[in-house]
$ cat protein-v4.cif   # mmCIF, C-alpha atoms
data_coords
#
loop_
_atom_site.label_atom_id
_atom_site.label_comp_id
_atom_site.auth_asym_id
_atom_site.auth_seq_id
_atom_site.Cartn_x
_atom_site.Cartn_y
_atom_site.Cartn_z
CA MET A 1 -125.34 83.78 192.19
CA THR A 2 -121.87 82.95 190.94
CA VAL A 3 -121.07 82.60 187.26
CA GLU A 4 -120.86 78.85 187.77
CA GLU A 5 -124.29 78.65 189.38
CA GLN A 6 -125.87 80.72 186.64
CA ILE A 7 -124.37 78.55 183.90
CA ARG A 8 -125.41 75.39 185.75
CA ASP A 9 -128.98 76.67 185.86
CA ILE A 10 -128.96 77.33 182.12
CA VAL A 11 -127.49 73.93 181.25
CA ALA A 12 -129.90 72.15 183.60
CA ARG A 13 -132.89 73.97 182.15
CA ILE A 14 -131.93 73.17 178.56
CA THR A 15 -130.94 69.54 179.09
CA ARG A 16 -133.66 68.94 181.70
CA VAL A 17 -131.35 67.22 184.13
CA ASP A 18 -131.26 67.85 187.86
CA LYS A 19 -128.63 70.50 188.40
CA SER A 20 -127.15 68.60 191.34
CA ILE A 21 -125.71 66.03 188.92
CA ILE A 22 -123.80 68.67 186.93
CA THR A 23 -120.29 68.90 188.34
CA ARG A 24 -117.19 70.59 186.97
CA GLU A 25 -116.05 67.19 185.74
CA SER A 26 -119.31 66.38 183.90
CA THR A 27 -118.93 66.09 180.16
CA PHE A 28 -121.76 67.13 177.85
CA LYS A 29 -122.16 63.44 177.11
CA ASP A 30 -122.56 62.68 180.84
CA ILE A 31 -125.52 65.02 181.02
CA LYS A 32 -126.87 63.72 177.70
CA ALA A 33 -126.59 67.08 175.95
CA ASP A 34 -126.81 66.82 172.17
CA SER A 35 -125.15 69.31 169.82
CA LEU A 36 -128.25 71.50 169.72
CA ASP A 37 -128.41 71.58 173.55
CA VAL A 38 -124.79 72.74 173.62
CA VAL A 39 -125.39 75.47 171.05
CA GLN A 40 -128.53 76.58 172.87
CA ALA A 41 -126.56 76.79 176.14
CA LEU A 42 -123.76 78.75 174.48
CA VAL A 43 -126.22 81.27 173.03
CA ALA A 44 -128.03 81.65 176.35
CA VAL A 45 -124.75 82.19 178.22
CA GLU A 46 -123.55 84.68 175.58
CA GLU A 47 -126.76 86.67 175.99
CA LEU A 48 -126.74 86.57 179.79
CA PHE A 49 -123.13 87.70 180.22
CA GLU A 50 -122.97 89.79 177.03
CA ILE A 51 -119.88 87.98 175.79
CA GLU A 52 -118.96 86.10 172.65
CA ILE A 53 -117.83 82.50 172.70
CA PRO A 54 -116.30 81.63 169.30
CA ASP A 55 -116.97 78.09 168.04
CA GLU A 56 -113.22 77.39 167.95
CA GLU A 57 -113.05 78.03 171.71
CA ALA A 58 -116.23 76.14 172.51
CA GLN A 59 -114.92 73.07 170.70
CA ASN A 60 -112.14 72.85 173.28
CA PHE A 61 -114.47 72.50 176.26
CA GLN A 62 -113.93 68.97 177.55
CA ASN A 63 -116.36 69.31 180.42
CA PHE A 64 -118.66 71.67 182.29
CA GLY A 65 -115.69 73.04 184.27
CA ASP A 66 -113.90 74.14 181.07
CA PHE A 67 -117.05 75.97 179.96
CA VAL A 68 -117.37 77.73 183.32
CA SER A 69 -113.68 78.67 183.51
CA TYR A 70 -113.77 80.14 180.03
CA VAL A 71 -116.82 82.27 180.84
CA GLU A 72 -115.35 83.35 184.22
CA ASN A 73 -112.21 84.56 182.45
CA LYS A 74 -114.20 86.36 179.77
CA VAL A 75 -116.42 88.05 182.33
CA ALA A 76 -113.38 89.11 184.39
CA GLN A 77 -111.75 90.59 181.27
CA THR A 78 -114.91 92.49 180.36
CA GLU A 79 -115.16 93.91 183.87
CA LYS A 80 -111.55 95.16 183.72
CA VAL A 81 -112.31 97.03 180.49
CA MET B 82 -159.83 79.18 167.95
CA GLU B 83 -156.92 77.36 166.42
CA LEU B 84 -154.30 79.99 167.28
CA ASP B 85 -155.66 81.33 170.57
CA GLY B 86 -152.83 82.42 172.86
CA ARG B 87 -150.25 82.36 170.06
CA VAL B 88 -147.87 85.19 169.15
CA SER B 89 -146.97 85.67 165.49
CA LEU B 90 -144.48 87.85 163.68
CA VAL B 91 -145.12 88.44 159.98
CA THR B 92 -142.45 90.27 157.98
CA GLY B 93 -143.41 92.58 155.16
CA ALA B 94 -146.97 92.61 156.45
CA SER B 95 -148.02 96.14 155.49
CA ARG B 96 -149.51 94.97 152.18
CA GLY B 97 -149.96 92.16 149.68
CA ILE B 98 -149.61 88.56 150.78
CA GLY B 99 -148.06 89.56 154.14
CA LYS B 100 -151.08 91.68 155.02
CA ALA B 101 -153.49 88.86 154.16
CA ILE B 102 -151.44 86.48 156.33
CA ALA B 103 -151.38 88.90 159.28
CA LEU B 104 -155.17 89.29 159.08
CA LYS B 105 -155.71 85.54 158.81
CA LEU B 106 -153.49 84.69 161.79
CA ALA B 107 -155.32 87.34 163.84
CA GLU B 108 -158.68 85.95 162.73
CA LEU B 109 -157.53 82.54 164.00
CA GLY B 110 -156.82 84.06 167.43
CA SER B 111 -153.13 84.94 167.36
CA ARG B 112 -151.64 88.23 168.48
CA VAL B 113 -149.72 89.56 165.48
CA ALA B 114 -146.64 91.74 165.10
CA VAL B 115 -146.90 93.48 161.72
CA ASN B 116 -143.42 94.17 160.40
CA TYR B 117 -142.73 96.87 157.85
CA VAL B 118 -139.66 98.70 156.62
CA ALA B 119 -139.49 102.48 156.70
CA ILE B 120 -137.97 102.74 153.21
CA GLU B 121 -141.21 104.01 151.70
CA GLU B 122 -143.17 106.48 153.78
CA SER B 123 -146.51 104.83 153.01
CA ASN B 124 -145.38 101.56 154.62
CA LYS B 125 -145.83 102.80 158.17
CA ALA B 126 -149.35 104.05 157.44
CA ASP B 127 -150.14 100.76 155.70
CA ALA B 128 -148.82 98.72 158.66
CA ASP B 129 -150.81 100.88 161.09
CA GLY B 130 -153.83 100.23 158.90
CA VAL B 131 -153.35 96.47 159.23
CA VAL B 132 -153.03 96.83 163.03
CA GLU B 133 -156.28 98.85 163.09
CA SER B 134 -158.09 96.29 160.95
CA ILE B 135 -157.06 93.56 163.38
CA ALA B 136 -158.16 95.65 166.35
CA ARG B 137 -161.56 96.23 164.70
CA LEU B 138 -161.96 92.46 164.41
CA GLY B 139 -161.33 92.19 168.15
CA GLY B 140 -157.72 91.02 167.79
CA GLU B 141 -154.45 92.39 169.12
CA ALA B 142 -151.60 93.58 166.92
CA MET B 143 -148.62 95.90 166.89
CA ALA B 144 -146.59 97.41 164.06
CA VAL B 145 -142.82 96.81 164.27
CA GLU B 146 -140.32 98.52 162.01
CA ALA B 147 -137.17 96.71 160.87
CA ASP B 148 -135.15 96.29 157.72
CA VAL B 149 -134.83 92.50 157.65
CA ARG B 150 -131.38 92.78 156.05
CA ASP B 151 -130.05 94.42 159.22
CA SER B 152 -129.03 91.95 161.91
CA GLY B 153 -129.20 94.47 164.77
CA ALA B 154 -132.60 95.74 163.68
CA VAL B 155 -133.99 92.20 163.38
CA LYS B 156 -132.75 91.21 166.83
CA ALA B 157 -134.24 94.39 168.31
CA MET B 158 -137.57 93.70 166.58
CA VAL B 159 -137.75 90.09 167.73
CA ASP B 160 -136.93 91.11 171.31
CA GLU B 161 -139.49 93.91 171.18
CA VAL B 162 -142.18 91.37 170.33
CA GLY B 163 -140.81 88.88 172.89
CA ASP B 164 -140.73 91.53 175.62
CA ARG B 165 -144.22 92.79 174.86
CA TRP B 166 -146.00 89.43 174.61
CA GLY B 167 -143.59 87.11 176.42
CA LYS B 168 -142.88 84.76 173.52
CA ILE B 169 -142.88 84.18 169.77
CA ASP B 170 -144.67 81.08 168.48
CA ILE B 171 -145.04 81.71 164.77
CA LEU B 172 -142.70 83.44 162.33
CA VAL B 173 -143.76 84.12 158.77
CA ASN B 174 -140.86 85.15 156.54
CA ASN B 175 -142.74 87.06 153.89
CA ALA B 176 -140.75 90.26 153.26
CA GLY B 177 -139.63 90.19 149.66
CA VAL B 178 -138.62 92.40 146.78
CA ASN B 179 -138.00 91.84 143.10
CA ARG B 180 -135.76 93.66 140.63
CA ASP B 181 -136.36 91.80 137.41
CA THR B 182 -134.03 91.93 134.44
CA LEU B 183 -132.20 89.49 132.23
CA LEU B 184 -128.95 88.18 133.64
CA LEU B 185 -126.76 90.02 131.14
CA ARG B 186 -128.28 93.31 132.28
CA MET B 187 -128.40 92.52 135.99
CA SER B 188 -126.39 94.83 138.23
CA ASP B 189 -124.57 93.65 141.32
CA GLU B 190 -126.89 95.88 143.32
CA ALA B 191 -130.03 94.26 141.89
CA TRP B 192 -128.64 90.85 142.85
CA ASP B 193 -127.57 91.87 146.36
CA ASP B 194 -130.74 93.81 147.05
CA VAL B 195 -133.03 90.89 146.24
CA MET B 196 -130.87 88.27 147.95
CA GLY B 197 -130.51 90.58 150.96
CA THR B 198 -134.19 91.06 151.69
CA ASN B 199 -135.52 87.72 150.50
CA LEU B 200 -132.88 85.25 151.71
CA ARG B 201 -130.65 86.99 154.25
CA GLY B 202 -133.81 88.48 155.76
CA ALA B 203 -135.34 85.03 156.22
CA PHE B 204 -132.08 83.78 157.73
CA LEU B 205 -131.83 86.61 160.27
CA CYS B 206 -135.48 86.58 161.34
CA THR B 207 -135.44 82.80 161.73
CA LYS B 208 -132.16 82.81 163.66
CA PHE B 209 -133.43 85.20 166.31
CA ALA B 210 -137.04 83.99 166.49
CA VAL B 211 -136.23 80.27 166.95
CA ARG B 212 -134.46 81.10 170.21
CA TYR B 213 -137.88 81.75 171.70
CA MET B 214 -139.44 78.72 170.02
CA MET B 215 -136.72 76.28 171.15
CA ARG B 216 -137.06 77.39 174.75
CA GLN B 217 -140.79 76.61 174.80
CA GLU B 218 -140.48 73.57 172.54
CA TRP B 219 -143.20 74.75 170.18
CA GLY B 220 -142.73 76.82 167.09
CA ARG B 221 -143.66 77.41 163.49
CA VAL B 222 -141.43 78.96 160.86
CA ILE B 223 -143.23 79.48 157.56
CA SER B 224 -141.32 81.14 154.73
CA ILE B 225 -142.85 82.46 151.56
CA SER B 226 -140.91 81.03 148.64
CA SER B 227 -142.27 81.04 145.08
CA VAL B 228 -142.89 78.59 142.24
CA VAL B 229 -140.13 80.53 140.54
CA GLY B 230 -137.77 79.16 143.21
CA ARG B 231 -138.71 75.65 142.02
CA VAL B 232 -138.89 76.03 138.26
CA GLY B 233 -136.97 79.24 137.47
CA ASN B 234 -138.02 82.17 135.36
CA ALA B 235 -136.29 84.20 132.66
CA GLY B 236 -135.64 87.71 133.92
CA GLN B 237 -135.79 86.69 137.56
CA SER B 238 -132.52 84.89 138.22
CA ASN B 239 -131.93 86.91 141.39
CA TYR B 240 -135.49 86.46 142.67
CA ALA B 241 -135.55 82.76 141.73
CA ALA B 242 -132.19 82.18 143.43
CA SER B 243 -133.42 83.85 146.61
CA LYS B 244 -136.67 81.85 146.61
CA GLY B 245 -134.85 78.59 145.80
CA GLY B 246 -132.47 79.46 148.63
CA ILE B 247 -135.44 79.72 150.98
CA ILE B 248 -136.42 76.16 150.07
CA ALA B 249 -132.96 74.74 150.87
CA PHE B 250 -132.76 76.87 154.03
CA THR B 251 -136.17 75.59 155.13
CA LYS B 252 -135.22 71.94 154.64
CA SER B 253 -131.96 72.38 156.57
CA VAL B 254 -133.44 74.28 159.51
CA ALA B 255 -136.31 71.78 159.72
CA ARG B 256 -133.69 69.10 160.35
CA GLU B 257 -131.98 71.21 163.02
CA MET B 258 -135.16 72.14 164.88
CA GLY B 259 -137.14 68.90 164.79
CA SER B 260 -136.07 67.77 168.24
CA ARG B 261 -137.47 71.01 169.68
CA ASN B 262 -140.92 70.60 168.15
CA VAL B 263 -140.34 73.57 165.87
CA THR B 264 -141.64 72.92 162.36
CA VAL B 265 -140.13 74.75 159.41
CA ASN B 266 -141.95 74.88 156.08
CA ALA B 267 -142.09 76.93 152.91
CA VAL B 268 -145.02 77.97 150.81
CA ALA B 269 -144.48 78.47 147.09
CA PRO B 270 -147.18 80.67 145.59
CA GLY B 271 -147.66 80.95 141.84
CA PHE B 272 -149.24 83.99 140.22
CA ILE B 273 -150.89 85.94 143.01
CA VAL B 274 -152.63 89.25 142.39
CA THR B 275 -150.69 91.89 144.36
CA GLU B 276 -149.10 95.26 143.66
CA MET B 277 -146.06 93.28 142.49
CA THR B 278 -148.05 91.55 139.73
CA ASP B 279 -150.20 94.63 138.99
CA LYS B 280 -147.12 96.18 137.39
CA LEU B 281 -147.04 93.45 134.74
CA PRO B 282 -148.38 94.19 131.23
CA PRO B 283 -151.94 92.83 130.54
CA GLU B 284 -150.71 90.35 127.93
CA THR B 285 -148.29 88.83 130.44
CA ARG B 286 -151.14 88.43 132.90
CA GLU B 287 -153.36 86.79 130.29
CA ASN B 288 -150.50 84.54 129.33
CA MET B 289 -150.09 83.53 132.97
CA GLN B 290 -153.77 82.80 133.35
CA SER B 291 -153.78 80.47 130.35
CA MET B 292 -151.19 78.30 132.11
CA ILE B 293 -153.33 77.79 135.22
CA PRO B 294 -155.67 74.75 135.31
CA LEU B 295 -157.94 76.49 137.84
CA GLN B 296 -158.21 79.37 135.33
CA ARG B 297 -157.69 82.29 137.65
CA LEU B 298 -154.80 84.10 139.26
CA GLY B 299 -154.35 83.45 142.96
CA ARG B 300 -155.43 85.79 145.73
CA PRO B 301 -153.37 86.73 148.78
CA GLU B 302 -156.14 85.13 150.86
CA ASP B 303 -155.49 81.77 149.16
CA VAL B 304 -151.93 81.88 150.45
CA ALA B 305 -153.03 83.12 153.88
CA GLU B 306 -155.35 80.13 154.33
CA LEU B 307 -152.47 77.73 153.79
CA VAL B 308 -150.17 79.65 156.14
CA GLY B 309 -152.93 79.70 158.76
CA PHE B 310 -153.19 75.91 158.54
CA LEU B 311 -149.42 75.38 158.76
CA ALA B 312 -149.29 77.66 161.81
CA GLY B 313 -151.72 75.55 163.81
CA ASP B 314 -151.43 72.41 165.94
CA LYS B 315 -153.13 70.36 163.22
CA ALA B 316 -150.06 70.78 161.00
CA GLY B 317 -147.73 69.55 163.74
CA TYR B 318 -146.39 66.57 161.77
CA ILE B 319 -145.46 68.58 158.66
CA THR B 320 -141.92 69.91 158.49
CA GLY B 321 -139.23 70.54 155.88
CA GLN B 322 -141.87 70.80 153.16
CA VAL B 323 -142.47 73.16 150.28
CA ILE B 324 -146.16 73.46 149.51
CA THR B 325 -147.00 74.94 146.14
CA ILE B 326 -150.16 77.00 145.84
CA ASP B 327 -150.54 77.98 142.22
CA GLY B 328 -153.86 76.76 140.85
CA GLY B 329 -152.12 73.70 139.46
CA ALA B 330 -149.73 75.48 137.10
CA PHE B 331 -146.54 73.75 138.27
CA PRO B 332 -147.38 70.42 139.90
#

$ encode --input "protein-v4.cif" --output "structure tokens"
Amino acid sequence: MTVEEQIRDIVARITRVDKSIITRESTFKDIKADSLDVVQALVAVEELFEIEIPDEEAQNFQNFGDFVSYVENKVAQTEKV
Amino acid sequence: MELDGRVSLVTGASRGIGKAIALKLAELGSRVAVNYVAIEESNKADADGVVESIARLGGEAMAVEADVRDSGAVKAMVDEVGDRWGKIDILVNNAGVNRDTLLLRMSDEAWDDVMGTNLRGAFLCTKFAVRYMMRQEWGRVISISSVVGRVGNAGQSNYAASKGGIIAFTKSVAREMGSRNVTVNAVAPGFIVTEMTDKLPPETRENMQSMIPLQRLGRPEDVAELVGFLAGDKAGYITGQVITIDGGAFP
């Protein structure tokens, strides 16, 4: 599974929406995620990929695609090290 | 039974109120992780003793070592329980210490030590345990505060601050977790007979007793009964509360 697919699974599980409706353009509001859903997703993604996502960075995510891109970059950096 | 199929973690459960709570939760059908800290050598033996008592009653328990002040150790403990039994339903933040002295004589260490175990410990255990509870949309966090955290006590400014902190922490986390069906409550015992109160001079104990309408000091089992109730489905509509259990001394 790609990073994107894994994150989509996590977000879908937490927000209980069908994962097919989560696109890169979806905002958290589109998928009816409240602030606790978002935090829960961040923590789950941090644990899965063993990365840290500071709140200041997470606040900049405008949509699902931003979230995925950030994690993809982080994971790539970790792999290089 | 009320807690059949549940998994509980009780901190500071090798003796005193924590031990009584661990035994009660097991009696109600829960599997119980009995936390202890390896600071005193006797703690491990005491925790193993609690596990054996539960096994003798036909229950299932395990002893788990962790200093609740240590974030890494708490996470490892919570995951150990989660890995072994697949989930955590009930957390009882009971681990507590006191280092009593008047403010003017209180060292920085006495302050930090008490705040560290009593308040930071509750924060860390709750933070890691609720991850399991949120996922399954069922959970109980029950923290042992104290009447002293409500009304204060000379010579216990550190202890009272930590126990008052637990009350404010409880009310805040209850608000955060409500949408996930995780209830968060505090229990505020009064004078309970434990090793902690055994150290008090007899006249202090008599003095305490005279303030209690029910005319006796509390027993750890009194507190355990209340925690057992709060842990069950029947207490599902109670959250963000502090329930005092003190024989009527501080209504």

$ closest_residue --input "protein-v4.cif" --among "A:Thr2, A:Gln62, A:Ser35, A:Ser26" --to "chain B" --atoms "all atoms listed in the file"
A:Ser35

$ resolve_selection --input "protein-v4.cif" --expression "the PyMOL selection byres ((chain A) within 8 of (chain B))" --output "MDAnalysis selection string"
chainID A and resid 14 36 40

$ residues_around --input "protein-v4.cif" --residues "stretch 65-72 of chain A" --least-positions-apart "5" --cutoff "12 Å" --atoms "all atoms listed in the file" --output "MDAnalysis selection string"
chainID A and resid 2:11 22:28 38 41:42 45:54 57:60 77:79

$ residues_around --input "protein-v4.cif" --residues "B:Glu83" --least-positions-apart "3" --cutoff "12 Å" --atoms "only C-alpha atoms" --output "JSON, numbers by chain"
{"B": [86, 87, 105, 106, 107, 108, 109, 110, 111, 309, 310, 311, 312, 313, 314, 315, 316]}

$ residues_around --input "protein-v4.cif" --residues "stretch 236-240 of chain B" --least-positions-apart "5" --cutoff "12 Å" --atoms "all atoms listed in the file" --output "short mmCIF file (atom, residue, chain, number, x, y, z; two decimals) with C-alpha atoms, in the frame of the given file"
data_model
loop_
_atom_site.label_atom_id
_atom_site.label_comp_id
_atom_site.auth_asym_id
_atom_site.auth_seq_id
_atom_site.Cartn_x
_atom_site.Cartn_y
_atom_site.Cartn_z
CA GLY B 177 -139.63 90.19 149.66
CA VAL B 178 -138.62 92.40 146.78
CA ASN B 179 -138.00 91.84 143.10
CA ARG B 180 -135.76 93.66 140.63
CA ASP B 181 -136.36 91.80 137.41
CA THR B 182 -134.03 91.93 134.44
CA LEU B 183 -132.20 89.49 132.23
CA LEU B 184 -128.95 88.18 133.64
CA LEU B 185 -126.76 90.02 131.14
CA ARG B 186 -128.28 93.31 132.28
CA MET B 187 -128.40 92.52 135.99
CA SER B 188 -126.39 94.83 138.23
CA ASP B 189 -124.57 93.65 141.32
CA GLU B 190 -126.89 95.88 143.32
CA ALA B 191 -130.03 94.26 141.89
CA TRP B 192 -128.64 90.85 142.85
CA ASP B 193 -127.57 91.87 146.36
CA ASP B 194 -130.74 93.81 147.05
CA VAL B 195 -133.03 90.89 146.24
CA MET B 196 -130.87 88.27 147.95
CA GLY B 197 -130.51 90.58 150.96
CA THR B 198 -134.19 91.06 151.69
CA ASN B 199 -135.52 87.72 150.50
CA LEU B 200 -132.88 85.25 151.71
CA SER B 226 -140.91 81.03 148.64
CA SER B 227 -142.27 81.04 145.08
CA VAL B 228 -142.89 78.59 142.24
CA VAL B 229 -140.13 80.53 140.54
CA GLY B 230 -137.77 79.16 143.21
CA ARG B 231 -138.71 75.65 142.02
CA GLY B 245 -134.85 78.59 145.80
CA GLY B 246 -132.47 79.46 148.63
CA ILE B 247 -135.44 79.72 150.98
#

$ atom_distance --input "protein-v4.cif" --atom1 "atom CA of B:Asn116" --atom2 "atom CA of B:Gly321"
24.4 Å

$ residues_around --input "protein-v4.cif" --residues "stretch 283-291 of chain B" --least-positions-apart "2" --cutoff "12 Å" --atoms "all atoms listed in the file" --output "ChimeraX atom specification"
/B:271-275,277-281,293-299,327-331

$ atom_distance --input "protein-v4.cif" --atom1 "atom CA of B:Thr325" --atom2 "atom CA of B:Asn174"
15.8 Å

$ atom_distance --input "protein-v4.cif" --atom1 "atom CA of B:Ile326" --atom2 "atom CA of B:Ala269"
6.0 Å

$ decode --input "protein-v4.cif" --residues "stretch 192-206 of chain B" --atoms "N, CA and C atoms" --output "PDB file, in the first residue's frame"
ATOM      1  N   TRP B 192       8.215  19.293  46.207  1.00  0.00           N
ATOM      2  CA  TRP B 192       7.154  19.777  45.314  1.00  0.00           C
ATOM      3  C   TRP B 192       7.132  18.964  44.012  1.00  0.00           C
ATOM      4  N   ASP B 193       8.300  18.890  43.357  1.00  0.00           N
ATOM      5  CA  ASP B 193       8.377  18.225  42.049  1.00  0.00           C
ATOM      6  C   ASP B 193       8.054  16.737  42.145  1.00  0.00           C
ATOM      7  N   ASP B 194       8.508  16.122  43.212  1.00  0.00           N
ATOM      8  CA  ASP B 194       8.302  14.695  43.391  1.00  0.00           C
ATOM      9  C   ASP B 194       6.803  14.377  43.454  1.00  0.00           C
ATOM     10  N   VAL B 195       6.089  15.134  44.277  1.00  0.00           N
ATOM     11  CA  VAL B 195       4.663  14.887  44.470  1.00  0.00           C
ATOM     12  C   VAL B 195       3.866  15.260  43.215  1.00  0.00           C
ATOM     13  N   MET B 196       4.173  16.402  42.638  1.00  0.00           N
ATOM     14  CA  MET B 196       3.483  16.790  41.401  1.00  0.00           C
ATOM     15  C   MET B 196       3.789  15.788  40.287  1.00  0.00           C
ATOM     16  N   GLY B 197       5.014  15.298  40.250  1.00  0.00           N
ATOM     17  CA  GLY B 197       5.456  14.382  39.190  1.00  0.00           C
ATOM     18  C   GLY B 197       4.662  13.087  39.194  1.00  0.00           C
ATOM     19  N   THR B 198       4.600  12.445  40.339  1.00  0.00           N
ATOM     20  CA  THR B 198       3.881  11.164  40.396  1.00  0.00           C
ATOM     21  C   THR B 198       2.375  11.390  40.316  1.00  0.00           C
ATOM     22  N   ASN B 199       1.866  12.322  41.115  1.00  0.00           N
ATOM     23  CA  ASN B 199       0.415  12.437  41.254  1.00  0.00           C
ATOM     24  C   ASN B 199      -0.257  13.082  40.037  1.00  0.00           C
ATOM     25  N   LEU B 200       0.329  14.137  39.512  1.00  0.00           N
ATOM     26  CA  LEU B 200      -0.349  14.868  38.430  1.00  0.00           C
ATOM     27  C   LEU B 200       0.220  14.547  37.049  1.00  0.00           C
ATOM     28  N   ARG B 201       1.540  14.657  36.903  1.00  0.00           N
ATOM     29  CA  ARG B 201       2.150  14.300  35.622  1.00  0.00           C
ATOM     30  C   ARG B 201       1.880  12.828  35.310  1.00  0.00           C
ATOM     31  N   GLY B 202       1.929  11.992  36.341  1.00  0.00           N
ATOM     32  CA  GLY B 202       1.652  10.565  36.149  1.00  0.00           C
ATOM     33  C   GLY B 202       0.249  10.339  35.594  1.00  0.00           C
ATOM     34  N   ALA B 203      -0.720  11.043  36.152  1.00  0.00           N
ATOM     35  CA  ALA B 203      -2.101  10.898  35.672  1.00  0.00           C
ATOM     36  C   ALA B 203      -2.215  11.382  34.224  1.00  0.00           C
ATOM     37  N   PHE B 204      -1.538  12.492  33.934  1.00  0.00           N
ATOM     38  CA  PHE B 204      -1.530  13.027  32.567  1.00  0.00           C
ATOM     39  C   PHE B 204      -0.965  11.999  31.580  1.00  0.00           C
ATOM     40  N   LEU B 205       0.194  11.452  31.888  1.00  0.00           N
ATOM     41  CA  LEU B 205       0.852  10.538  30.944  1.00  0.00           C
ATOM     42  C   LEU B 205       0.043   9.255  30.749  1.00  0.00           C
ATOM     43  N   CYS B 206      -0.417   8.664  31.839  1.00  0.00           N
ATOM     44  CA  CYS B 206      -1.172   7.403  31.721  1.00  0.00           C
ATOM     45  C   CYS B 206      -2.454   7.630  30.924  1.00  0.00           C
TER      46      CYS B 206
END
